[in-house]
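Shown below: coords-v5.pdb, with PDB, C-alpha atoms, pLDDT in the B column.
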ATOM      1  CA  LYS A 246      38.316  71.714  23.369  1.00 56.00           C
ATOM      2  CA  PHE A 247      41.852  71.420  24.713  1.00 52.00           C
ATOM      3  CA  ALA A 248      41.121  67.915  25.927  1.00 58.00           C
ATOM      4  CA  GLY A 249      39.876  66.875  22.512  1.00 59.00           C
ATOM      5  CA  LEU A 250      42.849  68.530  20.808  1.00 55.00           C
ATOM      6  CA  PHE A 251      45.424  66.670  22.875  1.00 55.00           C
ATOM      7  CA  GLY A 252      43.554  63.382  23.111  1.00 57.00           C
ATOM      8  CA  GLY A 253      42.313  63.742  26.657  1.00 55.00           C
ATOM      9  CA  GLY A 254      39.092  62.318  27.954  1.00 53.00           C
ATOM     10  CA  GLY A 255      36.591  63.702  30.366  1.00 54.00           C
ATOM     11  CA  GLY A 256      37.014  64.353  34.042  1.00 55.00           C
ATOM     12  CA  GLY A 257      40.403  64.928  35.644  1.00 60.00           C
ATOM     13  CA  GLY A 258      42.326  63.689  32.622  1.00 61.00           C
ATOM     14  CA  GLY A 259      40.648  66.269  30.438  1.00 61.00           C
ATOM     15  CA  ALA A 260      41.498  69.058  32.881  1.00 64.00           C
ATOM     16  CA  ARG A 261      45.146  67.973  32.995  1.00 67.00           C
ATOM     17  CA  ALA A 262      45.336  67.846  29.191  1.00 63.00           C
ATOM     18  CA  SER A 263      43.692  71.230  28.956  1.00 68.00           C
ATOM     19  CA  GLY A 264      46.202  72.694  31.404  1.00 70.00           C
ATOM     20  CA  PHE A 265      49.089  71.136  29.490  1.00 73.00           C
ATOM     21  CA  GLY A 266      47.846  72.539  26.180  1.00 75.00           C
ATOM     22  CA  PHE A 267      47.394  76.015  27.642  1.00 80.00           C
ATOM     23  CA  GLY A 268      50.887  75.924  29.119  1.00 83.00           C
ATOM     24  CA  LEU A 269      52.348  74.816  25.787  1.00 86.00           C
ATOM     25  CA  ILE A 270      50.670  77.714  24.038  1.00 88.00           C
ATOM     26  CA  LEU A 271      52.105  80.117  26.610  1.00 89.00           C
ATOM     27  CA  VAL A 272      55.596  78.688  26.071  1.00 88.00           C
ATOM     28  CA  VAL A 273      55.297  79.024  22.282  1.00 89.00           C
ATOM     29  CA  ALA A 274      53.997  82.575  22.626  1.00 89.00           C
ATOM     30  CA  LEU A 275      56.903  83.446  24.937  1.00 89.00           C
ATOM     31  CA  VAL A 276      59.439  82.011  22.483  1.00 89.00           C
ATOM     32  CA  VAL A 277      57.879  83.944  19.590  1.00 90.00           C
ATOM     33  CA  TRP A 278      57.933  87.140  21.672  1.00 89.00           C
ATOM     34  CA  LEU A 279      61.597  86.629  22.532  1.00 89.00           C
ATOM     35  CA  VAL A 280      62.466  85.967  18.868  1.00 89.00           C
ATOM     36  CA  THR A 281      60.982  89.340  17.882  1.00 87.00           C
ATOM     37  CA  GLY A 282      63.849  90.910  19.793  1.00 87.00           C
ATOM     38  CA  LEU A 283      66.363  89.694  17.202  1.00 89.00           C
ATOM     39  CA  TYR A 284      67.569  92.357  14.761  1.00 88.00           C
ATOM     40  CA  ILE A 285      70.410  92.872  12.289  1.00 88.00           C
ATOM     41  CA  VAL A 286      72.642  95.934  12.208  1.00 89.00           C
ATOM     42  CA  ASN A 287      74.112  96.253   8.719  1.00 88.00           C
ATOM     43  CA  GLN A 288      77.690  97.205   8.001  1.00 87.00           C
ATOM     44  CA  GLY A 289      78.132 100.950   8.352  1.00 85.00           C
ATOM     45  CA  GLU A 290      75.167 101.272  10.736  1.00 88.00           C
ATOM     46  CA  HIS A 291      74.873 101.754  14.476  1.00 87.00           C
ATOM     47  CA  GLY A 292      71.898 100.466  16.426  1.00 90.00           C
ATOM     48  CA  VAL A 293      70.608 102.680  19.226  1.00 89.00           C
ATOM     49  CA  VAL A 294      68.692 100.570  21.756  1.00 90.00           C
ATOM     50  CA  LEU A 295      65.928 102.476  23.550  1.00 90.00           C
ATOM     51  CA  ARG A 296      64.537 101.216  26.850  1.00 88.00           C
ATOM     52  CA  PHE A 297      61.174 102.874  27.456  1.00 87.00           C
ATOM     53  CA  GLY A 298      62.263 105.621  25.024  1.00 82.00           C
ATOM     54  CA  LYS A 299      65.611 106.303  26.737  1.00 84.00           C
ATOM     55  CA  LYS A 300      68.967 105.361  25.222  1.00 83.00           C
ATOM     56  CA  SER A 301      70.245 102.111  26.687  1.00 83.00           C
ATOM     57  CA  GLU A 302      73.208 101.141  24.495  1.00 86.00           C
ATOM     58  CA  ILE A 303      74.823 101.467  21.048  1.00 87.00           C
ATOM     59  CA  THR A 304      75.282  98.252  19.080  1.00 88.00           C
ATOM     60  CA  GLN A 305      77.624  97.571  16.169  1.00 87.00           C
ATOM     61  CA  ALA A 306      77.132  95.605  12.949  1.00 86.00           C
ATOM     62  CA  GLY A 307      75.907  92.005  13.275  1.00 86.00           C
ATOM     63  CA  LEU A 308      73.002  89.934  14.617  1.00 89.00           C
ATOM     64  CA  ARG A 309      71.776  91.446  17.895  1.00 88.00           C
ATOM     65  CA  TRP A 310      69.008  90.995  20.426  1.00 88.00           C
ATOM     66  CA  HIS A 311      67.079  93.371  22.623  1.00 89.00           C
ATOM     67  CA  ILE A 312      64.194  92.953  25.047  1.00 86.00           C
ATOM     68  CA  PRO A 313      61.166  92.938  22.765  1.00 88.00           C
ATOM     69  CA  PHE A 314      58.364  95.474  22.597  1.00 87.00           C
ATOM     70  CA  PRO A 315      57.057  97.192  24.682  1.00 87.00           C
ATOM     71  CA  PHE A 316      60.201  97.342  26.813  1.00 90.00           C
ATOM     72  CA  GLU A 317      62.860  98.131  24.222  1.00 86.00           C
ATOM     73  CA  SER A 318      63.080  99.254  20.604  1.00 88.00           C
ATOM     74  CA  VAL A 319      65.947  99.930  18.177  1.00 89.00           C
ATOM     75  CA  GLU A 320      66.725 102.878  15.908  1.00 88.00           C
ATOM     76  CA  LYS A 321      69.285 102.181  13.172  1.00 90.00           C
ATOM     77  CA  VAL A 322      71.482 105.025  11.921  1.00 89.00           C
ATOM     78  CA  ASN A 323      73.816 104.859   8.917  1.00 91.00           C
ATOM     79  CA  VAL A 324      77.085 106.443  10.073  1.00 90.00           C
ATOM     80  CA  GLU A 325      78.982 105.838   6.821  1.00 90.00           C
ATOM     81  CA  LYS A 326      76.558 107.465   4.370  1.00 91.00           C
ATOM     82  CA  VAL A 327      77.526 110.906   3.048  1.00 93.00           C
ATOM     83  CA  SER A 328      74.385 113.034   2.738  1.00 93.00           C
ATOM     84  CA  THR A 329      74.037 116.312   0.829  1.00 93.00           C
ATOM     85  CA  ILE A 330      72.043 119.436   1.648  1.00 93.00           C
ATOM     86  CA  GLU A 331      71.603 122.162  -0.980  1.00 92.00           C
ATOM     87  CA  ILE A 332      71.589 125.851  -0.077  1.00 91.00           C
ATOM     88  CA  GLY A 333      70.333 128.414  -2.592  1.00 90.00           C
ATOM     89  CA  TYR A 334      68.974 125.849  -5.043  1.00 91.00           C
ATOM     90  CA  ARG A 335      67.224 122.486  -5.254  1.00 90.00           C
ATOM     91  CA  SER A 336      68.106 119.699  -7.686  1.00 88.00           C
ATOM     92  CA  ASN A 337      65.417 117.819  -9.581  1.00 85.00           C
ATOM     93  CA  PRO A 338      66.544 114.191 -10.045  1.00 80.00           C
ATOM     94  CA  ARG A 339      63.835 113.469 -12.610  1.00 83.00           C
ATOM     95  CA  THR A 340      64.740 116.260 -15.023  1.00 83.00           C
ATOM     96  CA  GLY A 341      68.396 116.648 -14.085  1.00 78.00           C
ATOM     97  CA  GLY A 342      67.885 120.393 -13.690  1.00 83.00           C
ATOM     98  CA  LYS A 343      67.649 122.626 -10.664  1.00 84.00           C
ATOM     99  CA  SER A 344      65.524 125.453  -9.360  1.00 88.00           C
ATOM    100  CA  LYS A 345      66.765 128.567  -7.580  1.00 87.00           C
ATOM    101  CA  VAL A 346      65.862 129.558  -4.031  1.00 89.00           C
ATOM    102  CA  PRO A 347      66.581 133.324  -3.965  1.00 88.00           C
ATOM    103  CA  LYS A 348      65.704 133.632  -0.279  1.00 90.00           C
ATOM    104  CA  GLU A 349      68.726 131.463   0.548  1.00 89.00           C
ATOM    105  CA  ALA A 350      71.040 132.415  -2.337  1.00 90.00           C
ATOM    106  CA  LEU A 351      71.094 136.242  -2.155  1.00 91.00           C
ATOM    107  CA  MET A 352      73.595 137.547   0.405  1.00 92.00           C
ATOM    108  CA  LEU A 353      75.185 140.887   1.276  1.00 91.00           C
ATOM    109  CA  THR A 354      78.959 141.335   1.045  1.00 91.00           C
ATOM    110  CA  GLU A 355      81.246 143.521   3.133  1.00 92.00           C
ATOM    111  CA  ASP A 356      81.317 146.263   0.461  1.00 88.00           C
ATOM    112  CA  GLU A 357      77.497 146.357   0.436  1.00 87.00           C
ATOM    113  CA  ASN A 358      76.993 144.448  -2.797  1.00 88.00           C
ATOM    114  CA  ILE A 359      74.571 141.578  -3.323  1.00 89.00           C
ATOM    115  CA  ILE A 360      75.918 138.206  -4.421  1.00 90.00           C
ATOM    116  CA  ASP A 361      73.961 135.216  -5.730  1.00 90.00           C
ATOM    117  CA  ILE A 362      75.721 132.196  -4.246  1.00 91.00           C
ATOM    118  CA  GLU A 363      74.843 128.493  -4.062  1.00 92.00           C
ATOM    119  CA  PHE A 364      76.362 125.860  -1.768  1.00 90.00           C
ATOM    120  CA  ALA A 365      76.247 122.091  -1.351  1.00 93.00           C
ATOM    121  CA  VAL A 366      76.979 120.681   2.123  1.00 94.00           C
ATOM    122  CA  GLN A 367      78.095 117.079   2.567  1.00 95.00           C
ATOM    123  CA  TYR A 368      77.958 115.542   6.033  1.00 95.00           C
ATOM    124  CA  LYS A 369      78.200 112.244   7.926  1.00 94.00           C
ATOM    125  CA  ILE A 370      76.801 111.171  11.279  1.00 94.00           C
ATOM    126  CA  LYS A 371      79.542 110.680  13.869  1.00 92.00           C
ATOM    127  CA  ASP A 372      77.355 110.171  16.969  1.00 91.00           C
ATOM    128  CA  ALA A 373      74.123 108.258  16.332  1.00 90.00           C
ATOM    129  CA  ALA A 374      72.571 108.941  19.737  1.00 90.00           C
ATOM    130  CA  ALA A 375      73.276 112.684  19.589  1.00 91.00           C
ATOM    131  CA  TYR A 376      71.874 112.826  16.056  1.00 91.00           C
ATOM    132  CA  LEU A 377      68.636 111.140  17.159  1.00 90.00           C
ATOM    133  CA  PHE A 378      67.981 112.903  20.460  1.00 89.00           C
ATOM    134  CA  ASN A 379      69.743 116.273  20.673  1.00 89.00           C
ATOM    135  CA  VAL A 380      68.064 117.922  17.658  1.00 87.00           C
ATOM    136  CA  ARG A 381      64.444 117.522  16.607  1.00 86.00           C
ATOM    137  CA  GLU A 382      65.000 117.968  12.829  1.00 89.00           C
ATOM    138  CA  PRO A 383      68.718 117.475  12.071  1.00 89.00           C
ATOM    139  CA  GLU A 384      68.558 118.252   8.325  1.00 90.00           C
ATOM    140  CA  VAL A 385      66.636 121.478   8.902  1.00 91.00           C
ATOM    141  CA  THR A 386      69.120 122.458  11.609  1.00 92.00           C
ATOM    142  CA  ILE A 387      72.114 121.756   9.337  1.00 92.00           C
ATOM    143  CA  ALA A 388      70.547 123.751   6.486  1.00 92.00           C
ATOM    144  CA  GLN A 389      69.791 126.754   8.688  1.00 93.00           C
ATOM    145  CA  ALA A 390      73.212 126.629  10.359  1.00 93.00           C
ATOM    146  CA  THR A 391      74.901 126.450   6.935  1.00 92.00           C
ATOM    147  CA  GLU A 392      73.023 129.474   5.644  1.00 92.00           C
ATOM    148  CA  SER A 393      73.926 131.383   8.805  1.00 93.00           C
ATOM    149  CA  ALA A 394      77.628 130.437   8.552  1.00 94.00           C
ATOM    150  CA  VAL A 395      77.868 131.311   4.852  1.00 93.00           C
ATOM    151  CA  ARG A 396      76.149 134.659   5.375  1.00 93.00           C
ATOM    152  CA  GLU A 397      78.641 135.519   8.113  1.00 94.00           C
ATOM    153  CA  VAL A 398      81.661 134.586   5.985  1.00 94.00           C
ATOM    154  CA  VAL A 399      80.327 136.329   2.856  1.00 93.00           C
ATOM    155  CA  GLY A 400      79.457 139.385   4.958  1.00 93.00           C
ATOM    156  CA  LYS A 401      83.140 139.688   5.858  1.00 93.00           C
ATOM    157  CA  SER A 402      84.299 139.398   2.221  1.00 91.00           C
ATOM    158  CA  THR A 403      84.170 141.824  -0.677  1.00 90.00           C
ATOM    159  CA  LEU A 404      82.235 140.978  -3.813  1.00 87.00           C
ATOM    160  CA  ASP A 405      85.330 140.667  -6.009  1.00 84.00           C
ATOM    161  CA  PHE A 406      87.050 138.426  -3.459  1.00 87.00           C
ATOM    162  CA  ALA A 407      84.043 136.118  -3.136  1.00 87.00           C
ATOM    163  CA  LEU A 408      83.657 135.855  -6.924  1.00 85.00           C
ATOM    164  CA  THR A 409      87.304 135.287  -7.857  1.00 81.00           C
ATOM    165  CA  GLU A 410      90.300 134.173  -5.846  1.00 82.00           C
ATOM    166  CA  GLY A 411      88.395 133.965  -2.546  1.00 85.00           C
ATOM    167  CA  ARG A 412      85.833 131.315  -3.515  1.00 86.00           C
ATOM    168  CA  ASP A 413      87.817 128.444  -1.984  1.00 89.00           C
ATOM    169  CA  GLN A 414      88.584 130.502   1.101  1.00 91.00           C
ATOM    170  CA  VAL A 415      84.908 131.304   1.586  1.00 91.00           C
ATOM    171  CA  SER A 416      84.091 127.581   1.358  1.00 92.00           C
ATOM    172  CA  ARG A 417      86.786 126.595   3.881  1.00 92.00           C
ATOM    173  CA  ASN A 418      85.838 129.306   6.359  1.00 94.00           C
ATOM    174  CA  SER A 419      82.154 128.402   6.038  1.00 93.00           C
ATOM    175  CA  ARG A 420      82.877 124.722   6.736  1.00 94.00           C
ATOM    176  CA  GLU A 421      84.942 125.533   9.843  1.00 95.00           C
ATOM    177  CA  LEU A 422      82.323 127.917  11.215  1.00 95.00           C
ATOM    178  CA  LEU A 423      79.491 125.480  10.435  1.00 95.00           C
ATOM    179  CA  GLN A 424      81.270 122.646  12.266  1.00 95.00           C
ATOM    180  CA  GLN A 425      81.718 124.883  15.306  1.00 95.00           C
ATOM    181  CA  ILE A 426      77.996 125.728  15.313  1.00 94.00           C
ATOM    182  CA  LEU A 427      76.901 122.091  14.992  1.00 94.00           C
ATOM    183  CA  ASP A 428      79.341 120.959  17.692  1.00 94.00           C
ATOM    184  CA  ARG A 429      77.931 123.613  19.982  1.00 94.00           C
ATOM    185  CA  TYR A 430      74.439 122.247  19.326  1.00 91.00           C
ATOM    186  CA  LYS A 431      75.759 118.683  19.934  1.00 92.00           C
ATOM    187  CA  THR A 432      74.152 117.396  16.750  1.00 92.00           C
ATOM    188  CA  GLY A 433      76.552 114.452  16.310  1.00 93.00           C
ATOM    189  CA  VAL A 434      77.263 115.540  12.708  1.00 94.00           C
ATOM    190  CA  HIS A 435      80.624 115.821  10.929  1.00 95.00           C
ATOM    191  CA  ILE A 436      80.799 118.232   7.981  1.00 95.00           C
ATOM    192  CA  VAL A 437      82.794 116.664   5.144  1.00 94.00           C
ATOM    193  CA  THR A 438      82.790 119.582   2.690  1.00 93.00           C
ATOM    194  CA  VAL A 439      81.072 122.862   1.921  1.00 92.00           C
ATOM    195  CA  GLU A 440      81.372 123.429  -1.829  1.00 90.00           C
ATOM    196  CA  THR A 441      80.531 126.579  -3.759  1.00 88.00           C
ATOM    197  CA  GLN A 442      78.354 125.555  -6.692  1.00 87.00           C
ATOM    198  CA  LYS A 443      77.897 129.013  -8.178  1.00 85.00           C
ATOM    199  CA  ALA A 444      78.800 132.583  -7.251  1.00 84.00           C
ATOM    200  CA  GLN A 445      77.748 135.535  -9.379  1.00 83.00           C
ATOM    201  CA  PRO A 446      75.994 138.903  -9.144  1.00 81.00           C
ATOM    202  CA  PRO A 447      72.180 138.768  -9.147  1.00 77.00           C
ATOM    203  CA  ASP A 448      70.606 138.284 -12.569  1.00 72.00           C
ATOM    204  CA  GLU A 449      69.049 141.765 -12.429  1.00 71.00           C
ATOM    205  CA  VAL A 450      72.467 143.493 -12.366  1.00 70.00           C
ATOM    206  CA  LYS A 451      74.647 140.871 -14.042  1.00 70.00           C
ATOM    207  CA  PRO A 452      74.882 142.719 -17.429  1.00 73.00           C
ATOM    208  CA  ALA A 453      76.033 145.902 -15.684  1.00 71.00           C
ATOM    209  CA  PHE A 454      78.503 143.938 -13.597  1.00 70.00           C
ATOM    210  CA  ASP A 455      79.889 142.230 -16.707  1.00 70.00           C
ATOM    211  CA  ASP A 456      80.317 145.651 -18.349  1.00 73.00           C
ATOM    212  CA  ALA A 457      82.231 146.891 -15.310  1.00 69.00           C
ATOM    213  CA  VAL A 458      84.489 143.820 -15.344  1.00 66.00           C
ATOM    214  CA  LYS A 459      85.114 144.252 -19.078  1.00 78.00           C
ATOM    215  CA  ALA A 460      85.932 147.922 -18.540  1.00 79.00           C
ATOM    216  CA  ARG A 461      88.535 147.004 -15.910  1.00 75.00           C
ATOM    217  CA  GLU A 462      90.014 144.399 -18.235  1.00 78.00           C
ATOM    218  CA  ASP A 463      90.146 146.937 -21.079  1.00 80.00           C
ATOM    219  CA  GLU A 464      91.809 149.441 -18.777  1.00 86.00           C
ATOM    220  CA  GLN A 465      94.518 146.968 -17.796  1.00 85.00           C
ATOM    221  CA  ARG A 466      94.990 145.929 -21.437  1.00 87.00           C
ATOM    222  CA  LEU A 467      95.465 149.543 -22.571  1.00 90.00           C
ATOM    223  CA  ILE A 468      97.940 150.155 -19.744  1.00 91.00           C
ATOM    224  CA  ASN A 469      99.954 147.085 -20.751  1.00 90.00           C
ATOM    225  CA  GLU A 470      99.946 148.145 -24.416  1.00 90.00           C
ATOM    226  CA  ALA A 471     101.068 151.679 -23.506  1.00 92.00           C
ATOM    227  CA  GLU A 472     103.897 150.387 -21.323  1.00 91.00           C
ATOM    228  CA  ALA A 473     105.027 148.019 -24.071  1.00 91.00           C
ATOM    229  CA  TYR A 474     105.002 150.900 -26.592  1.00 90.00           C
ATOM    230  CA  ALA A 475     106.956 153.126 -24.212  1.00 92.00           C
ATOM    231  CA  ASN A 476     109.521 150.409 -23.560  1.00 91.00           C
ATOM    232  CA  ASP A 477     110.015 150.113 -27.317  1.00 89.00           C
ATOM    233  CA  VAL A 478     110.061 153.799 -28.303  1.00 92.00           C
ATOM    234  CA  ILE A 479     111.933 155.466 -25.451  1.00 92.00           C
ATOM    235  CA  PRO A 480     115.170 153.407 -25.707  1.00 90.00           C
ATOM    236  CA  ARG A 481     115.261 153.976 -29.476  1.00 88.00           C
ATOM    237  CA  ALA A 482     114.660 157.716 -29.023  1.00 91.00           C
ATOM    238  CA  ARG A 483     117.492 157.904 -26.525  1.00 90.00           C
ATOM    239  CA  GLY A 484     119.717 156.000 -28.883  1.00 88.00           C
TER     240      GLY A 484
END
Whole structure, structure tokens version:
Amino acid sequence: KFAGLFGGGGGGGGARASGFGFGLILVVALVVWLVTGLYIVNQGEHGVVLRFGKKSEITQAGLRWHIPFPFESVEKVNVEKVSTIEIGYRSNPRTGGKSKVPKEALMLTEDENIIDIEFAVQYKIKDAAAYLFNVREPEVTIAQATESAVREVVGKSTLDFALTEGRDQVSRNSRELLQQILDRYKTGVHIVTVETQKAQPPDEVKPAFDDAVKAREDEQRLINEAEAYANDVIPRARG
């Protein structure tokens, strides 16, 4: 068949033509195999080259080449993308609403009150190889570490502090503690922000809490009115 394909006749000429055709096919196959090693790393990505499953090198943006399968493979990681993980709730992109996750949102404060708090964590990948190989499920690890960090910070804060002037402080302290945890795990992740989405008493006790807050506000208002009255009456009485 090779002889007929390449115009060879019978006998020795046919054998030579057959050998030539087989060699040509091998050369073409080798070239095609080598071409499969070409790959493109997009801007903002890092390519992690794996040789028999072990990290070989990190490549930057551009047209690159690696030894084709089965010797080497490439994992591409976007190191510029800012990803978000939600703690205490889950957004629904289709409806634009969100659903609560009480197991994550309900936390105990230092003064033994329960707070319903929701957080959004934004992070970037700073070490592609560490992100791929040091942690089996990076997003799950980040979510669990965030919940742990927030619970520790909230547990050292009073309810009033966490609900009012301390909200930003709770977020900052949670971010710092979370970064320390993830660095200790060598996850290759940089925490951009930890933002408090909502902080309030649990729905079951919210009316009672609102009544208590209103009572404190009324108390302060009556004190201010009494002091203003005294400051007006007493000088005139003395006069």
**Q.** Exercise: Gln445 of chain A partners within 7 Å, only C-alpha atoms, chain neighbours under 2 positions left out, as a ChimeraX atom specification
**A.** /A:360-362,408,443,447
Q) For the atom pair atom CA of Arg381 of chain A and atom CA of Gly433 of chain A, what is the interatomic distance in Å to one decimal place? A)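 Going from atom CA of Arg381 of chain A over to atom CA of Gly433 of chain A, I get 12.5 Å.
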Q) In terms of the shortest atom-to-atom distance over all atoms listed in the file, which of A:Leu377, A:Arg396, A:Tyr430, A:Glu382 is closest to Gly333 of chain A? A) A:Arg396
Q: Evaluate the PyMOL selection byres ((chain A and resi 315-319) around 7) and record the selected residues as a VMD selection string, following the chain and residue labels used in the document.
A: chain A and resid 292 to 297 311 to 314 320 to 321
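Between atom CA of Val276 of chain A and atom CA of Ile303 of chain A there is a distance of 24.8 Å.
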(Q) Applying 12 Å and all atoms listed in the file, which residues near Phe454 of chain A remain after dropping the ones on its own chain fewer than 5 positions away? List them as a list of chain:residue names. (A)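 The filter keeps A:Asn358, A:Ile359, A:Ile360, A:Leu404, A:Asp405, A:Leu408, A:Gln445, A:Pro446, A:Pro447, A:Asp448, A:Glu449, A:Lys459, A:Ala460, A:Arg461.
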(Q) Residues near segment 388-391 of chain A, anyone? I mean within 8 Å using all atoms listed in the file, not counting same-chain ones fewer than 2 positions away, as an MDAnalysis selection string. (A) chainID A and resid 330:332 366 384:386 393:395 419 423 426:427
**Q.** Residue nearest Thr432 of chain A among A:Asp463, A:Asp372, A:Glu392, A:Asp477 (counting all atoms listed in the file)
**A.** A:Asp372
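If you look at atom CA of Thr403 of chain A and atom CA of Glu355 of chain A, they are 5.1 Å away from each other.
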**Q.** Of the listed residues A:Ala306, A:Val434, A:Val380, A:Val439, that which approaches Val286 of chain A most closely, counting only C-alpha atoms
**A.**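 Of A:Ala306, A:Val434, A:Val380, A:Val439, the one nearest Val286 of chain A, counting only C-alpha atoms, is A:Ala306.
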**Q.** Among listed residues A:Leu308, A:Ala373, A:Val450, A:Val327, nearest Leu283 of chain A (using all atoms listed in the file)
**A.** A:Leu308
Q: Might you spell out which residues the PyMOL selection byres ((chain A and resi 324-326) around 6) would select in the displayed file, as an NGL selection string?
A: :A and (289-290 or 323 or 327 or 370)
Q: Take the PyMOL selection byres ((chain A and resi 411-417) around 7), apply it to the structure above, and return the hits as a ChimeraX atom specification.
A: /A:398-399,406-410,418-421,439-441
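Nearest residue to Thr354 of chain A among A:Pro383, A:Gly341, A:Gly400, A:Gly307 is A:Gly400, counting only C-alpha atoms.
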